[in-house]
Amino acid sequence: MTVQEQEHIRQKGYALAMRYIANAKDSLKKAGRNGIYFKDSKYVSSASGIAYKGVLVALDTWLELKGIELPKTKPSRKERGKTIDFYRENLAKLDKKLLQDLNMVYDILHLLGYYDGFLSVKVINEGFEIAGMIINRIKPKVAL
């Protein structure tokens with residue numbers, strides 16, 4: 001893959017991941033705040049899920065740039081698509097720090113935020129911060 005092809009992949013993935021994060025932040029604003037807690041778990045759940053999807057887009061881009069073949073998006077009934085295990089196995093081989101960040105985002109945004117509707121402003125914001133760090137790993141070298 002040429003440098004230009006890599007940069008094109010990086011720009012496309014980064015733009016999409018940042019779009020997810022922007023949408024997630026808009027959704028999180030709708031949750032409202034009551035001191036150290038968000039008011040509405042529905043919006044926290046939605047925002048967390050959207051932000052987590054942005055992280056997965058960034059990780060797909062990062063893995064593609066590393067030459068890792070991604071599983072089919074729509075697997076057959078017998079096959080499994082991308083799972084957290086797919087990401088963990090590949091990151092464990094390539095970048096332990098990125099794996100640690102993924103595990104934190106998975107726990108905070110996917111499990112606590114999305115599934116449980118966890119309302120702690122501090123915890124959810126930490127998840128968003130780590131999500132941003134992961135997405136910045138694929139930030140294009142050239143301006144969009």
# chains A, B, ... in the order shown; residues from 1 in each chain; ligands from 1
$ select_by_dssp --residues "chain A" --states "alpha helix (DSSP H)" --output "ChimeraX atom specification"
/A:3-30,41-65,84-94,96-105,121-136
$ residues_around --residues "range 29-34 of chain A" --least-positions-apart "6" --cutoff "8 Å" --atoms "only C-alpha atoms" --output "PDB file with N, CA and C atoms, in the first residue's frame"
ATOM      1  N   ASP A  40     -30.596  12.190  32.235  1.00  0.00           N
ATOM      2  CA  ASP A  40     -31.374  11.266  31.407  1.00  0.00           C
ATOM      3  C   ASP A  40     -30.509  10.130  30.879  1.00  0.00           C
ATOM      4  N   SER A  41     -30.743   8.934  31.392  1.00  0.00           N
ATOM      5  CA  SER A  41     -29.921   7.780  31.005  1.00  0.00           C
ATOM      6  C   SER A  41     -30.113   7.394  29.543  1.00  0.00           C
ATOM      7  N   LYS A  42     -31.259   7.727  28.960  1.00  0.00           N
ATOM      8  CA  LYS A  42     -31.500   7.405  27.550  1.00  0.00           C
ATOM      9  C   LYS A  42     -30.463   8.095  26.664  1.00  0.00           C
ATOM     10  N   TYR A  43     -30.216   9.362  26.925  1.00  0.00           N
ATOM     11  CA  TYR A  43     -29.256  10.109  26.114  1.00  0.00           C
ATOM     12  C   TYR A  43     -27.818   9.708  26.425  1.00  0.00           C
ATOM     13  N   VAL A  44     -27.545   9.372  27.662  1.00  0.00           N
ATOM     14  CA  VAL A  44     -26.209   8.883  28.024  1.00  0.00           C
ATOM     15  C   VAL A  44     -25.941   7.566  27.298  1.00  0.00           C
ATOM     16  N   VAL A 121     -21.049  11.883  35.458  1.00  0.00           N
ATOM     17  CA  VAL A 121     -20.445  12.782  34.469  1.00  0.00           C
ATOM     18  C   VAL A 121     -18.947  12.511  34.353  1.00  0.00           C
TER      19      VAL A 121
END
$ atom_distance --atom1 "CA of Gly54 in chain A" --atom2 "CA of Phe86 in chain A"
16.6 Å
$ closest_residue --among "A:Leu98, A:Lys93, A:Ile130, A:Ser120" --to "Ile36 in chain A" --atoms "only C-alpha atoms"
A:Ser120
$ atom_distance --atom1 "CA of Lys122 in chain A" --atom2 "CA of Tyr37 in chain A"
8.2 Å
$ closest_atom_pairs --of "range 42-107 of chain A" --to "range 11-14 of chain A" --cutoff "10 Å" --atoms "only C-alpha atoms" --output "CSV"
residue,atom,partner,partner_atom,distance
A:Gly54,CA,A:Tyr14,CA,9.0
A:Val55,CA,A:Tyr14,CA,9.9
A:Val57,CA,A:Gly13,CA,6.4
A:Ala58,CA,A:Gly13,CA,6.0
A:Leu59,CA,A:Gly13,CA,9.0
A:Asp60,CA,A:Gly13,CA,8.1
A:Thr61,CA,A:Gly13,CA,5.6
A:Trp62,CA,A:Gly13,CA,8.6
$ write_last_selection --atoms "C-alpha atoms" --output "PDB file, in the first residue's frame"
ATOM      1  CA  GLY A  54     -16.569   5.895  16.508  1.00  0.00           C
ATOM      2  CA  VAL A  55     -13.769   4.106  18.361  1.00  0.00           C
ATOM      3  CA  VAL A  57     -14.276   2.845  13.140  1.00  0.00           C
ATOM      4  CA  ALA A  58     -10.905   4.248  14.225  1.00  0.00           C
ATOM      5  CA  LEU A  59      -9.657   0.791  15.244  1.00  0.00           C
ATOM      6  CA  ASP A  60     -10.788  -0.707  11.941  1.00  0.00           C
ATOM      7  CA  THR A  61      -8.815   2.008  10.154  1.00  0.00           C
ATOM      8  CA  TRP A  62      -5.766   1.486  12.368  1.00  0.00           C
TER       9      TRP A  62
END
$ residues_around --residues "Leu109 in chain A" --least-positions-apart "6" --cutoff "7 Å" --atoms "only C-alpha atoms" --output "PyMOL selection string"
chain A and resi 48-49+52+124+127
$ residues_around --residues "Val123 in chain A" --least-positions-apart "5" --cutoff "9 Å" --atoms "only C-alpha atoms" --output "list in words"
Ile108, Gly113, Phe118 and Phe128 of chain A
$ closest_residue --among "A:Asp107, A:Pro140, A:Ile50, A:Tyr114" --to "Asp26 in chain A" --atoms "only C-alpha atoms"
A:Ile50
$ select_by_dssp --residues "range 16-127 of chain A" --states "strand (DSSP E or B)" --output "PyMOL selection string"
chain A and resi 33-34+37-38+120
$ write_last_selection --atoms "N, CA and C atoms" --output "PDB file, in the first residue's frame"
ATOM      1  N   ARG A  33     -27.516  17.893  33.000  1.00  0.00           N
ATOM      2  CA  ARG A  33     -26.699  17.578  34.178  1.00  0.00           C
ATOM      3  C   ARG A  33     -27.411  18.011  35.437  1.00  0.00           C
ATOM      4  N   ASN A  34     -27.172  17.229  36.458  1.00  0.00           N
ATOM      5  CA  ASN A  34     -27.674  17.550  37.795  1.00  0.00           C
ATOM      6  C   ASN A  34     -26.486  17.339  38.735  1.00  0.00           C
ATOM      7  N   TYR A  37     -24.040  14.222  38.143  1.00  0.00           N
ATOM      8  CA  TYR A  37     -24.723  13.178  37.379  1.00  0.00           C
ATOM      9  C   TYR A  37     -25.439  13.759  36.166  1.00  0.00           C
ATOM     10  N   PHE A  38     -25.563  12.935  35.141  1.00  0.00           N
ATOM     11  CA  PHE A  38     -26.425  13.282  34.024  1.00  0.00           C
ATOM     12  C   PHE A  38     -27.859  13.002  34.455  1.00  0.00           C
ATOM     13  N   SER A 120     -22.748   8.942  35.894  1.00  0.00           N
ATOM     14  CA  SER A 120     -21.653   9.748  36.425  1.00  0.00           C
ATOM     15  C   SER A 120     -20.995  10.565  35.310  1.00  0.00           C
TER      16      SER A 120
END
$ atom_distance --atom1 "CA of Met1 in chain A" --atom2 "CA of Glu64 in chain A"
10.4 Å
$ residues_around --residues "Thr83 in chain A" --least-positions-apart "5" --cutoff "12 Å" --atoms "only C-alpha atoms" --output "ChimeraX atom specification"
/A:56,60,70-73,75,88-90,106
$ write_last_selection --atoms "C-alpha atoms" --output "PDB file, in the first residue's frame"
ATOM      1  CA  LEU A  56     -14.458   0.910  16.415  1.00  0.00           C
ATOM      2  CA  ASP A  60     -10.788  -0.707  11.941  1.00  0.00           C
ATOM      3  CA  LEU A  70     -11.016  -7.296   8.933  1.00  0.00           C
ATOM      4  CA  PRO A  71     -13.770  -9.902   9.199  1.00  0.00           C
ATOM      5  CA  LYS A  72     -16.797  -9.551   6.950  1.00  0.00           C
ATOM      6  CA  THR A  73     -19.315  -7.015   8.177  1.00  0.00           C
ATOM      7  CA  PRO A  75     -20.946 -12.843   8.198  1.00  0.00           C
ATOM      8  CA  ARG A  88      -8.331  -7.577  21.754  1.00  0.00           C
ATOM      9  CA  GLU A  89      -6.439 -10.408  20.057  1.00  0.00           C
ATOM     10  CA  ASN A  90      -5.022  -8.150  17.360  1.00  0.00           C
ATOM     11  CA  TYR A 106     -15.281  -0.902  26.239  1.00  0.00           C
TER      12      TYR A 106
END
$ closest_residue --among "A:Gln100, A:Asp85, A:Arg137, A:Ser46" --to "Asn23 in chain A" --atoms "only C-alpha atoms"
A:Ser46
$ closest_residue --among "A:Ala131, A:Ile84, A:Leu63, A:Ala22" --to "Ile9 in chain A" --atoms "only C-alpha atoms"
A:Leu63
